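**Student:** What follows is the file coords30.cif, containing mmCIF, C-alpha atoms:
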data_start
#
loop_
_atom_site.label_atom_id
_atom_site.label_comp_id
_atom_site.auth_asym_id
_atom_site.auth_seq_id
_atom_site.Cartn_x
_atom_site.Cartn_y
_atom_site.Cartn_z
CA MET A 34 103.68 220.03 46.90
CA LYS A 35 106.67 221.70 48.38
CA LEU A 36 106.50 222.60 52.05
CA ASN A 37 108.29 225.57 53.42
CA TYR A 38 109.99 225.64 56.77
CA ARG A 39 106.95 226.99 58.60
CA ASP A 40 104.67 224.29 57.21
CA LYS A 41 107.18 221.63 58.16
CA ILE A 42 107.17 222.92 61.74
CA ILE A 43 103.36 222.90 61.88
CA LEU A 44 103.19 219.42 60.35
CA GLY A 45 105.78 218.13 62.84
CA VAL A 46 103.79 219.53 65.75
CA LEU A 47 100.59 217.96 64.40
CA LEU A 48 102.30 214.62 63.99
CA ALA A 49 103.63 214.82 67.53
CA VAL A 50 100.15 215.62 68.85
CA VAL A 51 98.64 212.74 66.86
CA ILE A 52 101.30 210.36 68.17
CA LEU A 53 100.67 211.52 71.75
CA LEU A 54 96.92 211.12 71.35
CA LEU A 55 97.31 207.70 69.78
CA GLY A 56 99.68 206.68 72.60
CA PHE A 57 97.21 207.90 75.22
CA PHE A 58 94.17 206.17 73.75
CA LEU A 59 95.96 203.02 72.58
CA LEU A 60 98.43 202.50 75.43
CA ILE A 61 98.04 204.77 78.45
CA LYS A 62 94.21 204.76 78.82
CA PRO A 63 93.86 200.92 78.71
CA LYS A 64 96.77 200.57 81.10
CA LYS A 65 95.13 203.09 83.44
CA ALA A 66 91.92 201.06 83.29
CA ASP A 67 93.94 197.90 84.11
CA ILE A 68 95.54 199.67 87.05
CA SER A 69 92.12 200.74 88.36
CA ALA A 70 90.83 197.20 87.99
CA ASP A 71 93.91 195.83 89.76
CA LYS A 72 93.42 198.29 92.63
CA ALA A 73 89.80 197.20 92.99
CA GLU A 74 90.82 193.54 92.99
CA LEU A 75 93.58 194.27 95.51
CA ALA A 76 91.07 195.98 97.81
CA LYS A 77 88.74 192.97 97.51
CA VAL A 78 91.54 190.51 98.26
CA GLN A 79 92.72 192.64 101.18
CA GLN A 80 89.19 192.63 102.62
CA GLU A 81 89.03 188.85 102.29
CA LYS A 82 92.42 188.58 103.99
CA ASP A 83 91.25 190.82 106.84
CA GLU A 84 88.15 188.64 107.31
CA ILE A 85 90.27 185.46 107.37
CA ASP A 86 92.69 187.03 109.85
CA ALA A 87 89.72 187.98 112.07
CA LYS A 88 88.43 184.39 111.97
CA ILE A 89 91.90 183.06 112.80
CA ALA A 90 92.04 185.47 115.74
CA GLU A 91 88.73 183.98 116.96
CA ILE A 92 89.93 180.40 116.47
CA LYS A 93 93.01 180.77 118.67
CA PRO A 94 91.11 181.48 121.91
CA LEU A 95 88.64 178.71 121.00
CA GLN A 96 91.51 176.26 120.54
CA LYS A 97 92.87 177.28 123.94
CA GLU A 98 89.44 176.88 125.54
CA ILE A 99 88.97 173.40 124.02
CA LYS A 100 92.41 172.33 125.25
CA GLU A 101 91.74 173.66 128.76
CA THR A 102 88.37 171.86 128.84
CA TYR A 103 90.07 168.62 127.79
CA ASP A 104 92.78 169.01 130.46
CA ASN A 105 90.22 169.79 133.18
CA THR A 106 88.03 166.85 132.14
CA THR A 107 91.02 164.51 132.11
CA GLU A 108 91.92 165.64 135.62
CA LEU A 109 88.37 164.83 136.77
CA THR A 110 88.24 161.43 135.07
CA ASN A 111 91.52 160.51 136.77
CA ASP A 112 89.52 160.25 139.99
CA PHE A 113 87.68 157.25 138.56
CA VAL A 114 88.97 153.73 138.10
CA GLU A 115 90.52 153.25 134.67
CA TYR A 116 87.97 151.59 132.39
CA ASN A 117 90.41 149.04 130.98
CA ASP A 118 91.27 147.91 134.52
CA ILE A 119 87.71 146.82 135.38
CA ASN A 120 85.86 146.29 132.10
CA ASN A 121 84.95 142.69 132.97
CA PRO A 122 84.42 140.69 136.20
CA ARG A 123 87.83 138.98 136.03
CA LYS A 124 89.63 142.32 135.82
CA ILE A 125 87.58 143.71 138.71
CA ASP A 126 88.71 140.76 140.83
CA GLN A 127 92.33 141.28 139.78
CA TYR A 128 92.11 145.03 140.49
CA MET A 129 90.76 144.47 144.00
CA GLN A 130 92.97 141.50 144.92
CA HIS A 131 95.91 143.48 146.25
CA PHE A 132 93.80 145.07 149.01
CA CYS A 133 93.26 141.63 150.56
CA GLU A 134 96.91 140.68 150.14
CA ASP A 135 98.20 143.95 151.59
CA CYS A 136 95.86 143.76 154.59
CA GLU A 137 96.33 140.02 155.17
CA VAL A 138 92.66 139.04 155.23
CA LYS A 139 91.42 135.66 154.02
CA VAL A 140 88.87 135.68 151.19
CA LEU A 141 85.97 133.31 151.86
CA ASN A 142 83.96 134.15 148.75
CA LEU A 143 83.35 137.01 146.36
CA SER A 144 81.18 138.00 143.44
CA THR A 145 81.46 140.65 140.75
CA ASN A 146 79.50 141.73 137.72
CA THR A 147 80.14 143.48 134.43
CA LEU A 148 80.06 147.26 134.25
CA ASN A 149 76.64 148.86 133.95
CA GLU A 150 75.56 152.42 133.31
CA SER A 151 74.26 154.07 136.46
CA THR A 152 74.11 157.44 138.21
CA LEU A 153 76.52 158.59 140.89
CA ASP A 154 74.95 160.38 143.84
CA TYR A 155 76.65 163.42 145.31
CA TYR A 156 78.19 162.83 148.72
CA TYR A 157 77.20 165.30 151.40
CA PHE A 158 76.08 165.46 155.02
CA GLU A 159 72.43 166.24 155.59
CA THR A 160 71.62 168.89 158.18
CA SER A 161 68.12 169.06 159.57
CA MET A 162 66.35 170.71 162.48
CA PRO A 163 63.52 168.94 164.35
CA GLY A 164 60.28 170.88 164.37
CA GLU A 165 61.18 173.23 161.53
CA LYS A 166 57.56 174.47 161.39
CA GLN A 167 57.72 175.53 165.03
CA LEU A 168 61.16 177.00 164.47
CA GLU A 169 59.75 179.14 161.67
CA GLN A 170 56.95 180.40 163.94
CA ALA A 171 59.34 181.15 166.83
CA ASP A 172 61.97 182.79 164.64
CA LEU A 173 60.72 186.35 164.85
CA ASN A 174 63.97 187.93 163.70
CA GLY A 175 64.74 185.40 160.97
CA ASP A 176 68.27 184.78 162.26
CA ARG A 177 67.62 181.09 163.03
CA LYS A 178 66.25 180.49 159.54
CA ALA A 179 69.26 182.28 158.05
CA ALA A 180 71.63 180.09 160.09
CA LEU A 181 69.76 176.93 159.00
CA ASP A 182 69.84 178.02 155.35
CA GLU A 183 73.58 178.57 155.61
CA ALA A 184 74.10 175.14 157.19
CA GLN A 185 71.97 173.48 154.50
CA ALA A 186 73.37 175.46 151.54
CA GLU A 187 75.65 172.67 150.34
CA GLN A 188 73.10 169.88 150.59
CA ASN A 189 70.38 171.99 148.93
CA SER A 190 72.71 172.89 146.09
CA LEU A 191 73.75 169.27 145.51
CA LYS A 192 70.18 167.97 145.76
CA ASP A 193 69.17 170.21 142.86
CA ARG A 194 72.00 169.14 140.58
CA ASN A 195 71.47 166.63 137.81
CA LYS A 196 73.07 163.28 138.54
CA GLU A 197 75.60 162.30 135.90
CA SER A 198 75.83 158.89 134.25
CA VAL A 199 78.85 156.73 135.03
CA LEU A 200 79.90 153.11 134.66
CA SER A 201 79.69 151.02 137.81
CA GLY A 202 80.75 147.52 138.76
CA SER A 203 79.76 145.69 141.94
CA TYR A 204 82.19 143.75 144.12
CA THR A 205 80.85 141.82 147.09
CA ILE A 206 83.40 140.02 149.22
CA SER A 207 83.47 138.02 152.44
CA VAL A 208 86.76 138.17 154.33
CA LYS A 209 87.95 136.71 157.62
CA GLY A 210 90.77 137.97 159.77
CA SER A 211 91.78 139.77 162.88
CA LYS A 212 90.01 142.93 163.96
CA GLU A 213 93.08 144.97 163.02
CA ASN A 214 93.38 143.46 159.54
CA ILE A 215 89.69 143.79 158.66
CA TRP A 216 89.75 147.39 159.81
CA LYS A 217 92.93 147.94 157.81
CA TYR A 218 91.16 146.48 154.76
CA MET A 219 88.22 148.87 155.08
CA GLU A 220 90.56 151.81 155.65
CA ALA A 221 92.56 150.87 152.57
CA LEU A 222 89.38 150.95 150.49
CA GLU A 223 88.33 154.30 151.88
CA GLN A 224 91.73 155.96 151.57
CA GLN A 225 92.68 154.92 148.05
CA ASP A 226 92.43 157.74 145.50
CA LYS A 227 89.91 156.27 143.06
CA THR A 228 86.12 156.33 143.20
CA ILE A 229 85.46 153.10 145.09
CA ILE A 230 82.61 153.28 147.59
CA ILE A 231 81.74 150.91 150.44
CA ASN A 232 77.94 150.59 150.32
CA SER A 233 77.41 148.35 153.33
CA ILE A 234 79.26 146.26 155.90
CA THR A 235 77.97 143.16 157.65
CA ILE A 236 80.14 141.63 160.37
CA ASP A 237 79.10 138.20 161.59
CA GLY A 238 75.56 138.82 160.40
CA VAL A 239 75.21 142.28 161.93
CA PHE A 240 74.46 145.01 159.37
CA LEU A 241 76.39 148.22 160.01
CA LYS A 242 75.67 151.48 158.23
CA GLU A 243 78.95 153.29 158.80
CA THR A 244 82.60 152.29 159.13
CA GLU A 245 82.57 153.91 162.58
CA GLU A 246 79.92 151.41 163.68
CA ALA A 247 82.04 148.65 162.17
CA ALA A 248 85.07 149.86 164.13
CA ALA A 249 83.15 149.68 167.43
CA PHE A 250 81.77 146.25 166.58
CA LEU A 251 85.21 144.92 165.66
CA ALA A 252 86.64 146.26 168.91
CA ALA A 253 83.95 144.43 170.89
CA MET A 254 84.70 141.18 169.05
CA ALA A 255 88.42 141.59 169.62
CA GLU A 256 87.80 141.93 173.35
CA ALA A 257 85.81 138.70 173.21
CA GLY A 258 88.74 136.99 171.48
CA GLU A 259 86.77 136.25 168.31
CA GLU A 260 88.04 136.48 164.73
CA PRO A 261 85.27 138.18 162.74
CA THR A 262 83.97 137.57 159.25
CA ALA A 263 83.05 140.69 157.30
CA ASN A 264 80.80 140.84 154.25
CA ILE A 265 81.44 144.08 152.36
CA ASP A 266 79.45 145.39 149.40
CA ILE A 267 81.54 147.68 147.20
CA THR A 268 80.92 149.65 144.01
CA LEU A 269 83.69 150.70 141.64
CA TYR A 270 83.02 153.63 139.32
CA SER A 271 84.55 154.35 135.94
CA VAL A 272 84.00 156.70 132.99
CA TYR A 273 85.16 156.76 129.40
CA THR A 274 88.03 159.17 128.88
CA LEU A 275 87.80 161.87 126.24
CA SER A 276 89.73 161.47 123.01
CA GLU A 277 92.30 164.22 122.81
CA PRO A 278 90.94 166.89 120.43
CA ASN A 279 92.93 167.88 117.37
CA VAL A 280 92.79 171.66 117.58
CA GLU A 281 95.79 172.40 115.36
CA ALA A 282 95.12 173.51 111.80
CA ASP A 283 96.26 171.10 109.09
#
Please go through the file and, once you have read it, give me the structure as structure tokens.

**Tutor:**
Amino acid sequence: MKLNYRDKIILGVLLAVVILLLGFFLLIKPKKADISADKAELAKVQQEKDEIDAKIAEIKPLQKEIKETYDNTTELTNDFVEYNDINNPRKIDQYMQHFCEDCEVKVLNLSTNTLNESTLDYYYFETSMPGEKQLEQADLNGDRKAALDEAQAEQNSLKDRNKESVLSGSYTISVKGSKENIWKYMEALEQQDKTIIINSITIDGVFLKETEEAAAFLAAMAEAGEEPTANIDITLYSVYTLSEPNVEAD
């Protein structure tokens, strides 16, 4: 069959159309479907990335908060005697020895014990008013009660707080020396920067509640020309330090 020029043109156009259609269905359409699928996957991955970034943004402040809590706790625990310095009776004796040497008092006898778990009371001055019932009845304007509540605010707040557990070790010592040196010894214990508390003082058999009473008693003995013997009951307090948290991502 012989084709004329017109038929050749028509046949060429048809072939071109067929080739274009075949290219669209065989190449372009699948590729378009792949592109759509890739866009959907990209959107999913981007959403996951955004969620991870949001979690990371939440972690950073938490890391900072944990670090600040650790630093603040470490600062508080520094007020207590280092655990490794007093974790047995021999170390307690060694830790306390320099106070006697520095204050030049003679040790007659002493006793210590191992650390035990105990509670540490809050230290505060108690304010009270005699006849509070009568005061309440006479306080028509309420100003006296308000003043008393203000004066007792600290003690009432501390009374209601839970007492925390700590480690404590006892140290009871009898020392002999001049009035000045024994007083210097008690002052040294009170003024050092760790949590060491004088529970009681007995000087030549006389029990004294406060160091001020002890000072007056020592002064009286010094006037009499006597060298006193003081028996002092002391408690040393310690806590375990926190392990430093690892807040950095691996």

**Student:** Give me, as a list in words, all polymer residues having an atom no more than 7 Å from Asn149 (chain A), counting all atoms listed in the file and skipping those fewer than 6 positions away in the same chain.

**Tutor:**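 Once the nearby chain positions are removed, what remains is Leu200, Ser201 and Gly202 of chain A.
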
**Student:** Under the rule that all atoms listed in the file are counted, which of A:Val114, A:Ile267, A:Val199, A:Leu141 is the nearest residue to Glu223 (chain A)?

**Tutor:**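 Closest to Glu223 (chain A) of all the choices is A:Ile267.
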
**Student:** Once the PyMOL selection byres ((chain A and resi 247-252) around 9) has been applied to the shown file, what residues remain in the selection, as a list in words?

**Tutor:** Ser211, Lys212, Glu213, Ile215, Trp216, Ile234, Thr235, Ile236, Val239, Phe240, Leu241, Lys242, Glu243, Thr244, Glu245, Glu246, Ala253, Met254, Ala255, Glu256, Ala257, Glu260 and Pro261 of chain A

**Student:** Looking at A:Ser271, A:Thr228, A:Ser198, A:Gln96, which one is nearest to Glu150 (chain A), with distances taken over only C-alpha atoms?

**Tutor:**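 The closest residue to Glu150 (chain A) is A:Ser198.
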
**Student:** Using the chain letters and numbers from the file, give me the residues hit by the PyMOL selection byres ((chain A and resi 112) around 12), as a PyMOL selection string.

**Tutor:** chain A and resi 105-111+113-116+225-229+269-274

**Student:** Please determine, counting only C-alpha atoms, which residue among A:Ala73, A:Val140, A:Leu148, A:Cys133 has the shortest atom-to-atom distance to Ala221 (chain A).

**Tutor:**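 Comparing A:Ala73, A:Val140, A:Leu148, A:Cys133 against Ala221 (chain A), the winner is A:Cys133.
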
**Student:** Expressed in Å to a single decimal, how great is the separation between CA of Glu197 (chain A) and CA of Ile230 (chain A)?

**Tutor:**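 These atoms are spaced 16.3 Å apart.
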
**Student:** Choose the residue, out of A:Cys136, A:Ala87, A:Met129, A:Val208, that has the smallest atom-to-atom separation from Thr268 (chain A); count only C-alpha atoms.

**Tutor:**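 Of A:Cys136, A:Ala87, A:Met129, A:Val208, the one nearest Thr268 (chain A) is A:Met129, counting only C-alpha atoms.
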
**Student:** I'd like the contact shell of region 203-205 of chain A - 8 Å cut-off, all atoms listed in the file, skipping same-chain residues fewer than 6 positions apart - returned as a PyMOL selection string.

**Tutor:** chain A and resi 125-126+143-148+264-269

**Student:** Would you save the residues of that selection, restricted to C-alpha atoms, as an mmCIF file, in the coordinates of the input?

**Tutor:**
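Just written: out33.cif:
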data_model
loop_
_atom_site.group_PDB
_atom_site.id
_atom_site.type_symbol
_atom_site.label_atom_id
_atom_site.label_comp_id
_atom_site.auth_asym_id
_atom_site.auth_seq_id
_atom_site.Cartn_x
_atom_site.Cartn_y
_atom_site.Cartn_z
ATOM 1 C CA ILE A 125 87.580 143.710 138.710
ATOM 2 C CA ASP A 126 88.710 140.760 140.830
ATOM 3 C CA LEU A 143 83.350 137.010 146.360
ATOM 4 C CA SER A 144 81.180 138.000 143.440
ATOM 5 C CA THR A 145 81.460 140.650 140.750
ATOM 6 C CA ASN A 146 79.500 141.730 137.720
ATOM 7 C CA THR A 147 80.140 143.480 134.430
ATOM 8 C CA LEU A 148 80.060 147.260 134.250
ATOM 9 C CA ASN A 264 80.800 140.840 154.250
ATOM 10 C CA ILE A 265 81.440 144.080 152.360
ATOM 11 C CA ASP A 266 79.450 145.390 149.400
ATOM 12 C CA ILE A 267 81.540 147.680 147.200
ATOM 13 C CA THR A 268 80.920 149.650 144.010
ATOM 14 C CA LEU A 269 83.690 150.700 141.640
#

**Student:** Please measure the separation of CA of Thr102 (chain A) and CA of Asp83 (chain A), giving the value in Å to one decimal.

**Tutor:**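 Computing it gives 29.2 Å between the two atoms.
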
**Student:** Please, what distance in Å, to one decimal, runs between CA of Gly210 (chain A) and CA of Ile231 (chain A)?

**Tutor:**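 Result for CA of Gly210 (chain A) versus CA of Ile231 (chain A): 18.3 Å, one decimal.
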